[in-house]
file entry_13.cif (mmCIF, C-alpha atoms)
data_target
#
loop_
_atom_site.group_PDB
_atom_site.id
_atom_site.type_symbol
_atom_site.label_atom_id
_atom_site.label_comp_id
_atom_site.auth_asym_id
_atom_site.auth_seq_id
_atom_site.Cartn_x
_atom_site.Cartn_y
_atom_site.Cartn_z
ATOM 1 C CA MET A 96 0.000 0.000 0.000
ATOM 2 C CA ALA A 97 2.796 2.375 0.738
ATOM 3 C CA GLU A 98 4.326 1.755 -2.619
ATOM 4 C CA GLU A 99 1.063 2.491 -4.380
ATOM 5 C CA LYS A 100 0.793 5.866 -2.588
ATOM 6 C CA LYS A 101 4.318 6.734 -3.627
ATOM 7 C CA LYS A 102 3.476 6.029 -7.224
ATOM 8 C CA GLU A 103 0.381 8.163 -7.107
ATOM 9 C CA ASN A 104 2.315 11.085 -5.558
ATOM 10 C CA PRO A 105 5.506 11.527 -7.556
ATOM 11 C CA ILE A 106 6.118 14.978 -5.968
ATOM 12 C CA PRO A 107 8.300 14.814 -2.861
ATOM 13 C CA GLU A 108 6.715 15.565 0.425
ATOM 14 C CA ASP A 109 8.987 18.553 1.044
ATOM 15 C CA ALA A 110 7.861 20.177 -2.179
ATOM 16 C CA GLN A 111 4.232 19.458 -1.338
ATOM 17 C CA GLU A 112 4.599 21.277 1.980
ATOM 18 C CA GLU A 113 6.183 24.363 0.311
ATOM 19 C CA THR A 114 3.444 24.373 -2.255
ATOM 20 C CA ALA A 115 0.777 24.153 0.378
ATOM 21 C CA ASP A 116 2.304 26.978 2.413
ATOM 22 C CA ALA A 117 2.763 29.391 -0.583
ATOM 23 C CA PRO A 118 -0.056 31.880 -1.134
ATOM 24 C CA GLU A 119 -2.221 31.543 -4.144
ATOM 25 C CA GLN A 120 -1.119 33.879 -6.959
ATOM 26 C CA GLU A 121 -3.647 35.652 -9.057
ATOM 27 C CA THR A 122 -3.371 34.411 -12.538
ATOM 28 C CA VAL A 123 -5.834 36.802 -14.023
ATOM 29 C CA GLU A 124 -4.605 40.373 -14.470
ATOM 30 C CA GLU A 125 -7.118 43.093 -14.890
ATOM 31 C CA THR A 126 -6.392 45.184 -17.875
ATOM 32 C CA GLU A 127 -7.911 48.545 -18.424
ATOM 33 C CA THR A 128 -8.621 49.717 -21.890
ATOM 34 C CA VAL A 129 -8.255 53.467 -22.504
ATOM 35 C CA ASP A 130 -10.553 54.769 -25.161
ATOM 36 C CA ALA A 131 -8.966 57.069 -27.649
ATOM 37 C CA PRO A 132 -10.453 60.592 -27.707
ATOM 38 C CA GLU A 133 -13.225 60.911 -30.171
ATOM 39 C CA THR A 134 -12.908 63.601 -32.799
ATOM 40 C CA ASP A 135 -15.653 65.073 -34.917
ATOM 41 C CA GLU A 136 -13.379 65.565 -37.851
ATOM 42 C CA SER A 137 -14.343 63.497 -40.805
ATOM 43 C CA PRO A 138 -12.094 63.006 -43.834
ATOM 44 C CA GLU A 139 -13.886 65.907 -45.550
ATOM 45 C CA THR A 140 -13.323 68.182 -42.534
ATOM 46 C CA ALA A 141 -9.669 67.293 -42.417
ATOM 47 C CA GLU A 142 -9.310 68.161 -46.087
ATOM 48 C CA ALA A 143 -11.105 71.465 -45.516
ATOM 49 C CA SER A 144 -8.772 72.349 -42.620
ATOM 50 C CA GLU A 145 -5.776 71.609 -44.776
ATOM 51 C CA ALA A 146 -7.099 73.753 -47.653
ATOM 52 C CA PRO A 147 -6.376 77.185 -46.072
ATOM 53 C CA ALA A 148 -2.893 76.027 -45.208
ATOM 54 C CA SER A 149 -2.273 75.195 -48.832
ATOM 55 C CA LYS A 150 -3.718 78.561 -49.895
ATOM 56 C CA ALA A 151 -1.529 80.361 -47.367
ATOM 57 C CA LYS A 152 1.503 79.280 -49.349
ATOM 58 C CA GLY A 153 0.727 81.994 -51.847
ATOM 59 C CA PHE A 154 -1.583 82.824 -54.689
ATOM 60 C CA PHE A 155 1.157 82.333 -57.210
ATOM 61 C CA GLY A 156 1.966 78.813 -56.061
ATOM 62 C CA LYS A 157 4.349 77.168 -53.666
ATOM 63 C CA GLY A 158 7.713 78.838 -53.464
ATOM 64 C CA LYS A 159 6.644 81.913 -55.493
ATOM 65 C CA LYS A 160 6.300 85.426 -54.108
ATOM 66 C CA GLU A 161 4.028 88.229 -55.224
ATOM 67 C CA PRO A 162 5.915 90.398 -57.693
ATOM 68 C CA LYS A 163 7.004 93.752 -56.361
ATOM 69 C CA LYS A 164 5.542 96.923 -57.829
ATOM 70 C CA ASP A 165 7.904 99.188 -59.677
ATOM 71 C CA GLN A 166 8.657 102.728 -58.532
ATOM 72 C CA GLY A 167 6.512 104.316 -61.233
ATOM 73 C CA GLN A 168 3.401 102.443 -60.168
ATOM 74 C CA LEU A 169 4.011 103.268 -56.501
ATOM 75 C CA LEU A 170 4.440 106.954 -57.315
ATOM 76 C CA ALA A 171 1.245 106.952 -59.404
ATOM 77 C CA GLU A 172 -0.741 105.376 -56.557
ATOM 78 C CA ALA A 173 0.699 107.872 -54.039
ATOM 79 C CA ALA A 174 -0.143 110.793 -56.334
ATOM 80 C CA ASP A 175 -3.700 109.503 -56.771
ATOM 81 C CA LYS A 176 -4.158 109.202 -53.008
ATOM 82 C CA TYR A 177 -2.794 112.723 -52.538
ATOM 83 C CA LEU A 178 -5.156 114.203 -55.132
ATOM 84 C CA ARG A 179 -8.143 112.440 -53.583
ATOM 85 C CA LEU A 180 -7.196 113.676 -50.105
ATOM 86 C CA ALA A 181 -6.684 117.230 -51.387
ATOM 87 C CA ALA A 182 -10.099 117.176 -53.114
ATOM 88 C CA GLU A 183 -11.823 115.883 -49.962
ATOM 89 C CA TYR A 184 -10.150 118.575 -47.846
ATOM 90 C CA ASP A 185 -11.137 121.308 -50.330
ATOM 91 C CA ASN A 186 -14.759 120.140 -50.263
ATOM 92 C CA TYR A 187 -14.680 120.057 -46.466
ATOM 93 C CA ARG A 188 -13.222 123.595 -46.314
ATOM 94 C CA LYS A 189 -15.876 124.967 -48.685
ATOM 95 C CA ARG A 190 -18.668 123.180 -46.832
ATOM 96 C CA THR A 191 -17.578 124.449 -43.418
ATOM 97 C CA ALA A 192 -17.134 127.989 -44.778
ATOM 98 C CA LYS A 193 -20.652 127.870 -46.228
ATOM 99 C CA GLU A 194 -22.095 126.539 -42.971
ATOM 100 C CA LYS A 195 -20.294 129.265 -41.013
ATOM 101 C CA GLU A 196 -21.606 131.950 -43.360
ATOM 102 C CA ASN A 197 -25.151 130.614 -43.116
ATOM 103 C CA ALA A 198 -24.934 130.523 -39.314
ATOM 104 C CA TRP A 199 -23.704 134.130 -39.217
ATOM 105 C CA THR A 200 -26.440 135.263 -41.613
ATOM 106 C CA GLU A 201 -29.087 133.481 -39.552
ATOM 107 C CA ALA A 202 -27.817 135.095 -36.355
ATOM 108 C CA LYS A 203 -27.909 138.557 -37.949
ATOM 109 C CA ALA A 204 -31.403 137.939 -39.314
ATOM 110 C CA GLN A 205 -32.747 137.012 -35.900
ATOM 111 C CA THR A 206 -31.092 140.039 -34.284
ATOM 112 C CA VAL A 207 -32.360 142.471 -36.911
ATOM 113 C CA ALA A 208 -35.869 140.996 -36.741
ATOM 114 C CA ALA A 209 -35.953 141.876 -33.039
ATOM 115 C CA PHE A 210 -35.304 145.577 -33.875
ATOM 116 C CA LEU A 211 -37.765 145.884 -36.753
ATOM 117 C CA PRO A 212 -40.673 146.933 -34.487
ATOM 118 C CA VAL A 213 -38.522 149.894 -33.397
ATOM 119 C CA TYR A 214 -38.010 150.784 -37.053
ATOM 120 C CA ASP A 215 -41.768 150.623 -37.663
ATOM 121 C CA ASN A 216 -42.489 152.928 -34.708
ATOM 122 C CA LEU A 217 -39.914 155.476 -35.853
ATOM 123 C CA GLU A 218 -41.350 155.385 -39.357
ATOM 124 C CA ARG A 219 -44.859 156.098 -38.034
ATOM 125 C CA ALA A 220 -43.514 158.936 -35.881
ATOM 126 C CA MET A 221 -41.879 160.543 -38.905
ATOM 127 C CA LYS A 222 -45.173 160.489 -40.819
ATOM 128 C CA GLN A 223 -46.980 162.340 -38.051
ATOM 129 C CA GLU A 224 -47.220 166.118 -38.430
ATOM 130 C CA THR A 225 -45.796 168.106 -35.542
ATOM 131 C CA ALA A 226 -44.950 171.729 -34.850
ATOM 132 C CA ASP A 227 -42.002 170.735 -32.645
ATOM 133 C CA GLU A 228 -39.040 170.899 -34.966
ATOM 134 C CA ALA A 229 -36.648 169.611 -32.321
ATOM 135 C CA TYR A 230 -38.800 166.526 -31.782
ATOM 136 C CA LYS A 231 -39.037 165.923 -35.527
ATOM 137 C CA LYS A 232 -35.295 166.345 -35.928
ATOM 138 C CA GLY A 233 -34.622 163.924 -33.089
ATOM 139 C CA VAL A 234 -36.841 161.232 -34.629
ATOM 140 C CA GLU A 235 -35.160 161.670 -38.013
ATOM 141 C CA MET A 236 -31.693 161.352 -36.477
ATOM 142 C CA THR A 237 -32.719 158.214 -34.575
ATOM 143 C CA MET A 238 -34.079 156.653 -37.762
ATOM 144 C CA LYS A 239 -30.894 157.573 -39.615
ATOM 145 C CA GLY A 240 -28.757 155.919 -36.943
ATOM 146 C CA LEU A 241 -30.831 152.743 -37.068
ATOM 147 C CA GLN A 242 -30.629 152.591 -40.862
ATOM 148 C CA ASP A 243 -26.853 153.044 -40.764
ATOM 149 C CA ALA A 244 -26.558 150.239 -38.217
ATOM 150 C CA LEU A 245 -28.598 147.908 -40.422
ATOM 151 C CA THR A 246 -26.489 148.806 -43.458
ATOM 152 C CA GLY A 247 -23.335 148.041 -41.484
ATOM 153 C CA LEU A 248 -24.674 144.552 -40.800
ATOM 154 C CA GLY A 249 -25.321 143.997 -44.498
ATOM 155 C CA VAL A 250 -29.083 144.417 -44.159
ATOM 156 C CA GLU A 251 -30.861 146.260 -46.971
ATOM 157 C CA MET A 252 -34.423 147.493 -47.502
ATOM 158 C CA ILE A 253 -36.361 145.629 -50.175
ATOM 159 C CA PRO A 254 -37.392 148.021 -52.986
ATOM 160 C CA ALA A 255 -41.170 147.931 -53.228
ATOM 161 C CA LEU A 256 -43.037 151.089 -54.278
ATOM 162 C CA GLY A 257 -43.330 151.250 -58.077
ATOM 163 C CA GLU A 258 -41.588 147.880 -58.485
ATOM 164 C CA THR A 259 -43.026 144.785 -60.138
ATOM 165 C CA PHE A 260 -44.485 142.380 -57.616
ATOM 166 C CA ASP A 261 -42.040 139.598 -56.682
ATOM 167 C CA PRO A 262 -43.527 136.799 -54.558
ATOM 168 C CA ASN A 263 -40.036 135.953 -53.293
ATOM 169 C CA ARG A 264 -39.712 139.414 -51.674
ATOM 170 C CA HIS A 265 -43.173 140.936 -51.454
ATOM 171 C CA ASN A 266 -46.330 139.937 -49.640
ATOM 172 C CA ALA A 267 -49.459 141.207 -51.431
ATOM 173 C CA VAL A 268 -52.221 141.797 -48.887
ATOM 174 C CA MET A 269 -54.426 143.929 -51.115
ATOM 175 C CA HIS A 270 -55.197 144.327 -54.824
ATOM 176 C CA THR A 271 -56.565 147.397 -56.583
ATOM 177 C CA ASP A 272 -57.697 148.382 -60.054
ATOM 178 C CA ASP A 273 -55.517 151.256 -61.180
ATOM 179 C CA PRO A 274 -55.545 151.985 -64.927
ATOM 180 C CA GLU A 275 -52.578 154.328 -64.579
ATOM 181 C CA ALA A 276 -50.368 151.655 -62.945
ATOM 182 C CA GLY A 277 -48.974 148.733 -64.839
ATOM 183 C CA GLU A 278 -50.095 145.187 -64.183
ATOM 184 C CA ASN A 279 -48.600 143.619 -61.052
ATOM 185 C CA THR A 280 -47.117 146.966 -60.022
ATOM 186 C CA ILE A 281 -46.825 147.828 -56.342
ATOM 187 C CA VAL A 282 -48.772 150.994 -55.663
ATOM 188 C CA GLU A 283 -48.557 151.167 -51.858
ATOM 189 C CA VAL A 284 -46.260 149.806 -49.112
ATOM 190 C CA PHE A 285 -47.818 149.017 -45.739
ATOM 191 C CA GLN A 286 -44.700 147.621 -44.089
ATOM 192 C CA GLN A 287 -41.087 147.852 -45.220
ATOM 193 C CA GLY A 288 -39.273 144.590 -45.964
ATOM 194 C CA PHE A 289 -35.611 143.786 -45.334
ATOM 195 C CA ILE A 290 -33.127 141.349 -46.816
ATOM 196 C CA CYS A 291 -29.634 140.176 -45.805
ATOM 197 C CA GLY A 292 -27.739 138.663 -48.686
ATOM 198 C CA GLU A 293 -30.125 136.134 -50.167
ATOM 199 C CA LYS A 294 -32.105 135.673 -46.963
ATOM 200 C CA VAL A 295 -35.319 137.631 -46.612
ATOM 201 C CA ILE A 296 -35.653 138.839 -43.030
ATOM 202 C CA ARG A 297 -39.116 140.257 -43.565
ATOM 203 C CA PHE A 298 -41.292 140.452 -46.675
ATOM 204 C CA SER A 299 -42.589 143.837 -47.780
ATOM 205 C CA MET A 300 -46.346 144.105 -47.140
ATOM 206 C CA VAL A 301 -47.790 145.804 -50.241
ATOM 207 C CA ARG A 302 -50.827 146.600 -52.375
ATOM 208 C CA VAL A 303 -50.632 145.451 -55.992
ATOM 209 C CA ALA A 304 -52.454 146.803 -59.030
ATOM 210 C CA ASN A 305 -54.202 144.258 -61.218
#
call {"tool": "encode", "arguments": {"input": "entry_13.cif", "output": "structure tokens"}}
result
Amino acid sequence: MAEEKKKENPIPEDAQEETADAPEQETVEETETVDAPETDESPETAEASEAPASKAKGFFGKGKKEPKKDQGQLLAEAADKYLRLAAEYDNYRKRTAKEKENAWTEAKAQTVAAFLPVYDNLERAMKQETADEAYKKGVEMTMKGLQDALTGLGVEMIPALGETFDPNRHNAVMHTDDPEAGENTIVEVFQQGFICGEKVIRFSMVRVAN
């Protein structure tokens, strides 16, 4: 019986004891798989991203540079830019000068319009008969001073009496049949008009003959 047991166990007893005492080793190793990062680029997208890079090499092809402009062409372009800039500046200067002139004319017109009632009162006073020569002389001198001041500002009286009616300068408030006067002739002035340059400060109020 002992011999049969020895045949069944060919491993020595010492080796069996070491094997029994040794800890069991894990034979299965866990392996982790790392997924590669997903990209949204498809083959078409990759080609599209490479296209600008190929275009960046130059319009004239790889290895070629844009030809330089000669001195004559550069001078012509500089002269053209200078002429354009000079023309723009000249237009700006004329426009600002015109705007400044219009602003000054408008300011004068508003100032003069504020003094026109004084002119009307002096004109009525001069038409009144009076025995006081000193009073009459004083009114005439005051009117003369006001007229000189208006002339100094470039303000002129609009000719009316005996003139042909002009709707751009006259305001017809009455019409009359006068066979001795010509057609559309102003026969009476009710209120004097004034003009400054091309700007009418006040229209002349008149009577016109048909």
call {"tool": "resolve_selection", "arguments": {"input": "entry_13.cif", "expression": "the PyMOL selection byres ((chain A and resi 269) around 12)", "output": "PyMOL selection string"}}
result
chain A and resi 260+265-268+270-272+279-285+300-305
call {"tool": "resolve_selection", "arguments": {"input": "entry_13.cif", "expression": "the PyMOL selection byres ((chain A and resi 250-255) around 9)", "output": "mmCIF file with C-alpha atoms, in the frame of the given file"}}
result
data_model
loop_
_atom_site.group_PDB
_atom_site.id
_atom_site.type_symbol
_atom_site.label_atom_id
_atom_site.label_comp_id
_atom_site.auth_asym_id
_atom_site.auth_seq_id
_atom_site.Cartn_x
_atom_site.Cartn_y
_atom_site.Cartn_z
ATOM 1 C CA LYS A 203 -27.909 138.557 -37.949
ATOM 2 C CA ALA A 204 -31.403 137.939 -39.314
ATOM 3 C CA VAL A 207 -32.360 142.471 -36.911
ATOM 4 C CA GLN A 242 -30.629 152.591 -40.862
ATOM 5 C CA ALA A 244 -26.558 150.239 -38.217
ATOM 6 C CA LEU A 245 -28.598 147.908 -40.422
ATOM 7 C CA THR A 246 -26.489 148.806 -43.458
ATOM 8 C CA GLY A 247 -23.335 148.041 -41.484
ATOM 9 C CA LEU A 248 -24.674 144.552 -40.800
ATOM 10 C CA GLY A 249 -25.321 143.997 -44.498
ATOM 11 C CA LEU A 256 -43.037 151.089 -54.278
ATOM 12 C CA GLY A 257 -43.330 151.250 -58.077
ATOM 13 C CA GLU A 258 -41.588 147.880 -58.485
ATOM 14 C CA THR A 259 -43.026 144.785 -60.138
ATOM 15 C CA PHE A 260 -44.485 142.380 -57.616
ATOM 16 C CA ARG A 264 -39.712 139.414 -51.674
ATOM 17 C CA HIS A 265 -43.173 140.936 -51.454
ATOM 18 C CA ILE A 281 -46.825 147.828 -56.342
ATOM 19 C CA VAL A 282 -48.772 150.994 -55.663
ATOM 20 C CA GLU A 283 -48.557 151.167 -51.858
ATOM 21 C CA VAL A 284 -46.260 149.806 -49.112
ATOM 22 C CA GLN A 287 -41.087 147.852 -45.220
ATOM 23 C CA GLY A 288 -39.273 144.590 -45.964
ATOM 24 C CA PHE A 289 -35.611 143.786 -45.334
ATOM 25 C CA ILE A 290 -33.127 141.349 -46.816
ATOM 26 C CA CYS A 291 -29.634 140.176 -45.805
ATOM 27 C CA GLY A 292 -27.739 138.663 -48.686
ATOM 28 C CA VAL A 295 -35.319 137.631 -46.612
ATOM 29 C CA ILE A 296 -35.653 138.839 -43.030
ATOM 30 C CA ARG A 297 -39.116 140.257 -43.565
ATOM 31 C CA PHE A 298 -41.292 140.452 -46.675
ATOM 32 C CA SER A 299 -42.589 143.837 -47.780
ATOM 33 C CA MET A 300 -46.346 144.105 -47.140
ATOM 34 C CA VAL A 301 -47.790 145.804 -50.241
#
call {"tool": "atom_distance", "arguments": {"input": "entry_13.cif", "atom1": "CA of Ala220 in chain A", "atom2": "CA of Val234 in chain A"}}
result
7.2 Å
call {"tool": "axis_aligned_box", "arguments": {"input": "entry_13.cif", "around": "range 248-263 of chain A", "padding_each_side": "8 Å", "output": "AutoDock Vina command-line options"}}
result
--center_x -34.6 --center_y 143.6 --center_z -50.5 --size_x 35.8 --size_y 31.3 --size_z 35.3
call {"tool": "atom_distance", "arguments": {"input": "entry_13.cif", "atom1": "CA of Gly240 in chain A", "atom2": "CA of Leu217 in chain A"}}
result
11.2 Å
call {"tool": "build_atoms", "arguments": {"input": "entry_13.cif", "residues": "range 206-226 of chain A", "atoms": "N, CA and C atoms", "output": "PDB file, in the frame of the given file"}}
result
ATOM      1  N   THR A 206     -31.338 138.811 -35.052  1.00  0.00           N
ATOM      2  CA  THR A 206     -31.092 140.039 -34.284  1.00  0.00           C
ATOM      3  C   THR A 206     -31.818 141.232 -34.899  1.00  0.00           C
ATOM      4  N   VAL A 207     -31.708 141.348 -36.224  1.00  0.00           N
ATOM      5  CA  VAL A 207     -32.360 142.471 -36.911  1.00  0.00           C
ATOM      6  C   VAL A 207     -33.875 142.382 -36.767  1.00  0.00           C
ATOM      7  N   ALA A 208     -34.424 141.156 -36.863  1.00  0.00           N
ATOM      8  CA  ALA A 208     -35.869 140.996 -36.741  1.00  0.00           C
ATOM      9  C   ALA A 208     -36.375 141.485 -35.387  1.00  0.00           C
ATOM     10  N   ALA A 209     -35.538 141.406 -34.358  1.00  0.00           N
ATOM     11  CA  ALA A 209     -35.953 141.876 -33.039  1.00  0.00           C
ATOM     12  C   ALA A 209     -36.041 143.400 -32.978  1.00  0.00           C
ATOM     13  N   PHE A 210     -35.300 144.111 -33.874  1.00  0.00           N
ATOM     14  CA  PHE A 210     -35.304 145.577 -33.875  1.00  0.00           C
ATOM     15  C   PHE A 210     -36.264 146.174 -34.902  1.00  0.00           C
ATOM     16  N   LEU A 211     -36.867 145.345 -35.730  1.00  0.00           N
ATOM     17  CA  LEU A 211     -37.765 145.884 -36.753  1.00  0.00           C
ATOM     18  C   LEU A 211     -38.993 146.596 -36.168  1.00  0.00           C
ATOM     19  N   PRO A 212     -39.567 146.151 -35.069  1.00  0.00           N
ATOM     20  CA  PRO A 212     -40.673 146.933 -34.487  1.00  0.00           C
ATOM     21  C   PRO A 212     -40.265 148.362 -34.118  1.00  0.00           C
ATOM     22  N   VAL A 213     -39.001 148.545 -33.694  1.00  0.00           N
ATOM     23  CA  VAL A 213     -38.522 149.894 -33.397  1.00  0.00           C
ATOM     24  C   VAL A 213     -38.479 150.722 -34.679  1.00  0.00           C
ATOM     25  N   TYR A 214     -38.037 150.095 -35.761  1.00  0.00           N
ATOM     26  CA  TYR A 214     -38.010 150.784 -37.053  1.00  0.00           C
ATOM     27  C   TYR A 214     -39.428 151.206 -37.459  1.00  0.00           C
ATOM     28  N   ASP A 215     -40.383 150.302 -37.289  1.00  0.00           N
ATOM     29  CA  ASP A 215     -41.768 150.623 -37.663  1.00  0.00           C
ATOM     30  C   ASP A 215     -42.302 151.794 -36.845  1.00  0.00           C
ATOM     31  N   ASN A 216     -42.005 151.827 -35.555  1.00  0.00           N
ATOM     32  CA  ASN A 216     -42.489 152.928 -34.708  1.00  0.00           C
ATOM     33  C   ASN A 216     -41.848 154.265 -35.110  1.00  0.00           C
ATOM     34  N   LEU A 217     -40.574 154.251 -35.422  1.00  0.00           N
ATOM     35  CA  LEU A 217     -39.914 155.476 -35.853  1.00  0.00           C
ATOM     36  C   LEU A 217     -40.479 155.949 -37.196  1.00  0.00           C
ATOM     37  N   GLU A 218     -40.783 155.022 -38.058  1.00  0.00           N
ATOM     38  CA  GLU A 218     -41.350 155.385 -39.357  1.00  0.00           C
ATOM     39  C   GLU A 218     -42.733 156.015 -39.189  1.00  0.00           C
ATOM     40  N   ARG A 219     -43.534 155.508 -38.292  1.00  0.00           N
ATOM     41  CA  ARG A 219     -44.859 156.098 -38.034  1.00  0.00           C
ATOM     42  C   ARG A 219     -44.711 157.499 -37.413  1.00  0.00           C
ATOM     43  N   ALA A 220     -43.727 157.633 -36.523  1.00  0.00           N
ATOM     44  CA  ALA A 220     -43.514 158.936 -35.881  1.00  0.00           C
ATOM     45  C   ALA A 220     -43.095 159.985 -36.897  1.00  0.00           C
ATOM     46  N   MET A 221     -42.320 159.592 -37.884  1.00  0.00           N
ATOM     47  CA  MET A 221     -41.879 160.543 -38.905  1.00  0.00           C
ATOM     48  C   MET A 221     -43.034 160.979 -39.805  1.00  0.00           C
ATOM     49  N   LYS A 222     -44.037 160.151 -39.968  1.00  0.00           N
ATOM     50  CA  LYS A 222     -45.173 160.489 -40.819  1.00  0.00           C
ATOM     51  C   LYS A 222     -46.176 161.405 -40.104  1.00  0.00           C
ATOM     52  N   GLN A 223     -46.068 161.497 -38.807  1.00  0.00           N
ATOM     53  CA  GLN A 223     -46.980 162.340 -38.051  1.00  0.00           C
ATOM     54  C   GLN A 223     -46.541 163.821 -38.152  1.00  0.00           C
ATOM     55  N   GLU A 224     -47.519 164.690 -38.367  1.00  0.00           N
ATOM     56  CA  GLU A 224     -47.220 166.118 -38.430  1.00  0.00           C
ATOM     57  C   GLU A 224     -47.062 166.678 -37.013  1.00  0.00           C
ATOM     58  N   THR A 225     -46.064 167.506 -36.849  1.00  0.00           N
ATOM     59  CA  THR A 225     -45.796 168.106 -35.542  1.00  0.00           C
ATOM     60  C   THR A 225     -45.178 169.494 -35.743  1.00  0.00           C
ATOM     61  N   ALA A 226     -45.513 170.378 -34.808  1.00  0.00           N
ATOM     62  CA  ALA A 226     -44.950 171.729 -34.850  1.00  0.00           C
ATOM     63  C   ALA A 226     -43.618 171.807 -34.121  1.00  0.00           C
TER      64      ALA A 226
END
